[in-house]
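Right, one structure below, let's go through it.
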Amino acid sequence: MKGSVAPIGVLVYIVVSSVLAYLHPQSVLAFLLFESSLLLIYYLPAQPKMKFILGAMVLLVLLPILGFINAYYLEVAVQVGIYVALALGLNIVVGFVGLLNLGFVAFYAIGAYLWAIFGSPQANEFIAGGFFPLAPYWFFIFLVFSIVVGAMTGVLLGLPVLRLRGDYLAVVTLGFAEVVRALVNNLDKPINFTNGPKGISPIEKPPLFFQPALEFFGAQIAAAKLYPLYFYFLVLFLVLIIIFVTRQLEDSRIGRAWKAIRDDEIAAAAMGIPVVRMKLLGFAVGASFASAVGVLFAAKQVFINPESFTFMESIGVLAMVILGGMGSIPGAILGATGVTILNLQLLKGLSLWLNSVRQSGAVLSLPFLGSFALDQIPVQFEPAKYERMVFGLILIVMMIFRPQGILPPRQDKRN
Amino acid sequence: MALLELRDLSKRFGGLQALDRVNLTVDDGMIASLIGPNGAGKTTLFNTLTGLYAPDEGEIEFQNRSLVGLKPDKITSAGISRTFQNIRLFSHMTVLENVLVGMHSHLHLRLTEIILRTKNCQLREEEARRRATELIELTGLAGREGEWAHQLSYGEQRRLEIARALAAQPKLLLLDEPTAGMNTTEAQSLMALFKQLIGSYVRAILLIEHNMRVVMGISHRVHVLDYGEKIAEGHPDEVRQDPRVIEAYLGQGAWVEHAQR
């Protein structure tokens, strides 16, 4: 009996928070409460089966329903999913193999441009015959293909640079990402491959193959309303696969070899681990995750340009991994979720609140300081404008009080 | 029968002749010791043998097969594994994981098998875990499987290094100062372990050691290095009396004083 108190409590929390989010579709706070239910489920002291059911209920049922009312929720969820996938990929390279990669976004860009070029009329610029854009179903073929391309570019970058370590490797990977960005920025002449800084659009979305089935069951839903849900489930599916693969690898000879190389390369070699091959494998796996999620990003955005793949993006993903706890899968997920929600919801929500305060025209009277009209608050004071600063502050605080990250790898579960 | 044979092995670091035409043989079933003053080239010999350094000249023959030019991981697969003088454990991995890493070259599984967790993969993993636990018990670390390696005490870390080296199923085990920093009781229990290993887990042991009680107590044969050169070889009792060895350790003239006493 005693063991069922906590699950019931969490269940009540989930119901209350989702009803709140349902009744107040514009409230950031209500949605945040709802989102934290996943964290509660993670920490719930219960059977894995129970946690799985609760998690599935939130992710597969409640979130889509809420998202149907307010599509912005789904937008947030999709963004979170994309960053979770990127953070899990980078976590393999940085957290498991211990190679500091400052140019991870390059692989993301490669995946995104792969689908952008062939899933839009862009490819007609250099391949005659007007075959492009490819039919929507090609999206899935490219999703698989991008895994191969990502892995290959990972190996290609890895081969020359894996002799380097630490700072030197970090600088070269940073350079690689800048080279990729410069290439997409400039490959619009003499032959127009990438359309340069103007970007590519419109990019095909994946096919709505299930729409006839929905109509058969009498559900007439407009495509515009379906796509956010569709992308949500695609991202969720991709993230689940990535989590699954990462977990299997972590607890295998490959994952152990990676961590051994991270801890002591010489000892790892002396224990029979082919160091270079294992490092390349780590690079390839991480890169393939990023490039697959890049394909999805391109299809979701409809329009992409080199601006989406800047150095700050690489740093952002790295910060997610560090914040969550290097070498920990739950850590990478939490780091990516937390940072994305902070950017998309918390800071934006604060800005909105500040605006409403300013517009209320109230006058604050402070003792000794006199009165202060709230509409005098400068526009520059908006929290959304110093997102990077808040972010930096959080990282500094983390490094002082919890340098191993919020959810560092645990020792107990691996026995 | 010779398990390992080094012929005229030389290694130079710039102007320093770290190894100078060293000849050394380790026979099956033997515990051999390598001794010599600090800087004599003992660890360099280990590093050259395990592929961390490439020898400048000479031949390394293991089971009638040349090891020169092989990468460290290939040498481990061939059947030589080692411990390190300055402990090199995987500190952010558990005790069990450390030992499992040692089994890498014997745990052949395809990437797809691992991702899909096939029956074969599960069986092999389980078998590896069982063997790892056995080695952990053998080295006296039973019950510590789930702890981080860096949480172990110094002596326990040395034992874990031995368990990890054994996990690679070596024919020849190289131990670099295994009893350094241990008290007499700990050193004695390790000596008993080494004797137990011969025949049942490994075919021969080559160890570097400064603790003469250990060297004289368990070695079948002792090799002495000084300035990269091998200056003596023989049964522990012979080596103990060798004037060149005493000179190398205690300085010129020491032999005379020793004889007078």
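So you can find residues: chains in the structure tokens are A, B, ... in the order shown, residues in each start at 1, and ligands are numbered from 1 in order.
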Determine, using only C-alpha atoms, which residues of chain B have any atom at most 9 Å from an atom of chain A, and tabulate each with its shortest atom pair and distance in Å to one decimal place, rows ordered by chain and then rising number, as a tab-separated table.
```
residue	atom	partner	partner_atom	distance
B:Thr50	CA	A:Ala270	CA	7.1
B:Gly51	CA	A:Ala270	CA	8.4
B:Leu52	CA	A:Ile266	CA	7.9
B:Lys71	CA	A:Ala269	CA	8.3
B:Pro72	CA	A:Ala270	CA	5.4
B:Asp73	CA	A:Gly272	CA	3.7
B:Lys74	CA	A:Gly272	CA	6.6
B:Ile75	CA	A:Gly272	CA	7.6
B:Thr76	CA	A:Gly272	CA	5.0
B:Ser77	CA	A:Gly272	CA	6.1
B:Ser81	CA	A:Ala270	CA	6.9
B:Arg82	CA	A:Ala270	CA	7.2
B:Thr83	CA	A:Ala267	CA	8.6
B:Phe84	CA	A:Ala267	CA	8.2
B:Arg88	CA	A:Ala267	CA	6.1
B:Leu89	CA	A:Ala267	CA	7.3
B:Phe90	CA	A:Asp263	CA	5.1
B:Ser91	CA	A:Asp263	CA	6.4
B:His92	CA	A:Asp263	CA	6.8
B:Met93	CA	A:Lys259	CA	7.5
B:Thr94	CA	A:Gln411	CA	6.6
B:Leu96	CA	A:Asn415	CA	7.7
B:Glu97	CA	A:Arg256	CA	7.0
B:Asn98	CA	A:Ala260	CA	7.9
B:Leu100	CA	A:Arg256	CA	7.8
B:Val101	CA	A:Arg256	CA	6.1
B:Gly102	CA	A:Met271	CA	5.1
B:Met103	CA	A:Met271	CA	7.8
B:His104	CA	A:Arg253	CA	6.2
B:Ser105	CA	A:Gly272	CA	5.6
B:Leu107	CA	A:Arg253	CA	7.3
B:His108	CA	A:Arg253	CA	8.7
B:Leu109	CA	A:Arg253	CA	8.2
B:Leu111	CA	A:Ile254	CA	8.4
B:Ile114	CA	A:Gln248	CA	6.5
B:Ile115	CA	A:Gln248	CA	5.4
B:Leu116	CA	A:Gln248	CA	7.8
B:Arg117	CA	A:Gln248	CA	7.3
B:Glu125	CA	A:Ser252	CA	7.8
B:Arg129	CA	A:Asn415	CA	9.0
B:Glu145	CA	A:Asn415	CA	7.6
B:Gly146	CA	A:Asp412	CA	6.1
B:Glu147	CA	A:Gln411	CA	6.8
B:Trp148	CA	A:Gln411	CA	7.0
B:Arg164	CA	A:Met271	CA	7.9
B:Ala165	CA	A:Met271	CA	7.0
B:Ala167	CA	A:Met271	CA	8.8
B:Ala168	CA	A:Met271	CA	6.8
```
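Those residues that approach B:His210 to within 10 Å, counting only C-alpha atoms, are Ser33, Leu34, Ile35, Gly36, Pro37, Asn38, Asp176, Glu177, Pro178, Thr179, Ala180, Val214 and Val215 of chain B; same-chain residues fewer than 4 positions away are not listed.
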Limited to C-alpha atoms, could you put the picked residues into a file as a tab-separated table (two decimals), in the first residue's frame?
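Once everything was written out, this is selection-v7.tsv:
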```tsv
chain	number	residue	atom	x	y	z
B	33	SER	CA	61.71	-10.34	-12.24
B	34	LEU	CA	63.24	-7.28	-13.74
B	35	ILE	CA	65.20	-5.16	-11.28
B	36	GLY	CA	67.58	-2.27	-11.44
B	37	PRO	CA	68.12	1.22	-10.03
B	38	ASN	CA	65.77	4.06	-10.92
B	176	ASP	CA	55.04	-2.86	-13.07
B	177	GLU	CA	55.87	-2.51	-9.36
B	178	PRO	CA	52.73	-4.28	-8.14
B	179	THR	CA	53.58	-4.00	-4.45
B	180	ALA	CA	54.80	-0.38	-4.46
B	214	VAL	CA	59.12	-10.01	-3.12
B	215	VAL	CA	61.74	-10.44	-5.84
```
Would you list the contacts of A:Ile304 as a PDB file with C-alpha atoms, in the first residue's frame, taking every protein, DNA or RNA residue within 7 Å and counting only C-alpha atoms, but skipping same-chain residues closer than 6 positions in sequence?
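Ended up saving to result-v8.pdb:
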```pdb
ATOM      1  CA  GLY A 199      18.613  30.374 -47.889  1.00  0.00           C
ATOM      2  CA  ILE A 200      16.396  27.698 -49.363  1.00  0.00           C
ATOM      3  CA  SER A 201      12.618  27.596 -49.432  1.00  0.00           C
ATOM      4  CA  ALA A 298      14.663  21.487 -42.527  1.00  0.00           C
TER       5      ALA A 298
END
```
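With only C-alpha atoms as the atoms that count, the minimum distance from A:Leu229 to the choices A:Leu208, A:Tyr22, A:Leu369, A:Phe139 is reached by A:Leu208.
Of note, atom CA of A:Leu174 and atom CA of A:Leu236 are spaced 29.2 Å apart.
Picture a line from atom CA of A:Ser314 to atom CA of A:Leu102; it runs 6.0 Å.
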- Can you list, as a PyMOL selection string, every protein, DNA or RNA residue that comes within 9 Å of B:Thr43 when you count only C-alpha atoms, leaving out same-chain residues fewer than 4 positions away? chain B and resi 39+47-48+84-85+176+208
- Task: Mind the document's chain letters and residue numbers, and return as a VMD selection string the residues of stretch 196-287 of chain A that DSSP labels alpha helix (DSSP H).
- Result: chain A and resid 211 to 216 223 to 250 253 to 263 265 to 270 275 to 287
- Neighbour list for stretch 23-35 of chain A as a VMD selection string, cut-off 7 Å, only C-alpha atoms, skip fewer than 6 positions in-chain: chain A and resid 14 17 70 345 349
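Close contacts of A:Asn101, defined as residues with an atom at most 9 Å away when counting only C-alpha atoms, with chain neighbours fewer than 6 positions off set aside, comprise Leu90, Val93, Val94, Leu169, Ala170, Val171, Val172, Thr173, Leu174, Ser314 and Leu318 of chain A.
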- Enter the distance from atom CA of A:Gly324 to atom CA of A:Leu40, in Å, rounded to one decimal. 16.1 Å
- Residues within 8 Å of A:Ser351, only C-alpha atoms, excluding chain neighbours under 6 positions, as a ChimeraX atom specification: /A:382-384
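Among the candidates B:Arg144, B:His223, B:Arg203, B:Arg124, the one nearest to B:Gln63 when counting only C-alpha atoms is B:Arg203.
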Determine which residues of stretch 42-253 of chain B DSSP labels as strand (DSSP E) from the backbone of this structure, then write them out as a PDB file with C-alpha atoms, in the first residue's frame.
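The resulting file, part13.pdb, is shown below:
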```
ATOM      1  CA  GLU B  57      66.438  -2.131 -33.122  1.00  0.00           C
ATOM      2  CA  GLY B  58      65.966  -5.697 -32.118  1.00  0.00           C
ATOM      3  CA  GLU B  59      63.320  -8.329 -32.140  1.00  0.00           C
ATOM      4  CA  ILE B  60      60.398  -9.159 -29.841  1.00  0.00           C
ATOM      5  CA  GLU B  61      59.206 -12.698 -30.326  1.00  0.00           C
ATOM      6  CA  PHE B  62      56.148 -13.963 -28.511  1.00  0.00           C
ATOM      7  CA  ARG B  65      55.689 -14.577 -33.624  1.00  0.00           C
ATOM      8  CA  SER B  66      57.189 -11.100 -34.007  1.00  0.00           C
ATOM      9  CA  ILE B  80      50.321  -9.861 -23.276  1.00  0.00           C
ATOM     10  CA  SER B  81      48.689  -7.517 -20.792  1.00  0.00           C
ATOM     11  CA  ARG B  82      50.091  -5.267 -18.137  1.00  0.00           C
ATOM     12  CA  LEU B 172      52.080 -13.359 -20.231  1.00  0.00           C
ATOM     13  CA  LEU B 173      51.274 -10.884 -17.471  1.00  0.00           C
ATOM     14  CA  LEU B 174      53.498  -7.834 -17.030  1.00  0.00           C
ATOM     15  CA  LEU B 175      53.378  -6.217 -13.591  1.00  0.00           C
ATOM     16  CA  ASP B 176      55.042  -2.860 -13.066  1.00  0.00           C
ATOM     17  CA  ALA B 204      54.149 -16.643 -17.146  1.00  0.00           C
ATOM     18  CA  ILE B 205      54.670 -13.403 -15.217  1.00  0.00           C
ATOM     19  CA  LEU B 206      57.319 -10.765 -15.747  1.00  0.00           C
ATOM     20  CA  LEU B 207      57.438  -8.211 -12.976  1.00  0.00           C
ATOM     21  CA  ILE B 208      59.326  -5.045 -12.176  1.00  0.00           C
ATOM     22  CA  ARG B 221      64.766 -15.908 -12.548  1.00  0.00           C
ATOM     23  CA  VAL B 222      65.973 -12.344 -12.040  1.00  0.00           C
ATOM     24  CA  HIS B 223      67.189  -9.964 -14.737  1.00  0.00           C
ATOM     25  CA  VAL B 224      69.104  -6.838 -13.763  1.00  0.00           C
ATOM     26  CA  LEU B 225      69.140  -3.668 -15.864  1.00  0.00           C
ATOM     27  CA  ASP B 226      71.426  -0.707 -15.390  1.00  0.00           C
ATOM     28  CA  GLU B 229      71.995  -2.568 -20.349  1.00  0.00           C
ATOM     29  CA  LYS B 230      71.382  -5.968 -18.919  1.00  0.00           C
ATOM     30  CA  ILE B 231      74.160  -6.527 -16.412  1.00  0.00           C
ATOM     31  CA  ALA B 232      73.146  -9.789 -14.817  1.00  0.00           C
ATOM     32  CA  GLU B 233      70.709 -12.637 -14.981  1.00  0.00           C
ATOM     33  CA  GLY B 234      70.157 -15.746 -12.954  1.00  0.00           C
TER      34      GLY B 234
END
```
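Distance check against A:Leu100 using only C-alpha atoms: of A:Phe193, A:Phe283, A:Tyr113, A:Tyr43, the minimum falls on A:Phe283.
With only C-alpha atoms as the atoms that count, the minimum distance from B:Lys195 to the choices B:Ile218, B:Ala54, B:Val95, B:Leu19 is reached by B:Ile218.
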- Restricting the calculation to only C-alpha atoms, which member of A:Ile315, A:Ala299, A:Ile243, A:Val149 is positioned closest to A:Tyr137? A:Ala299
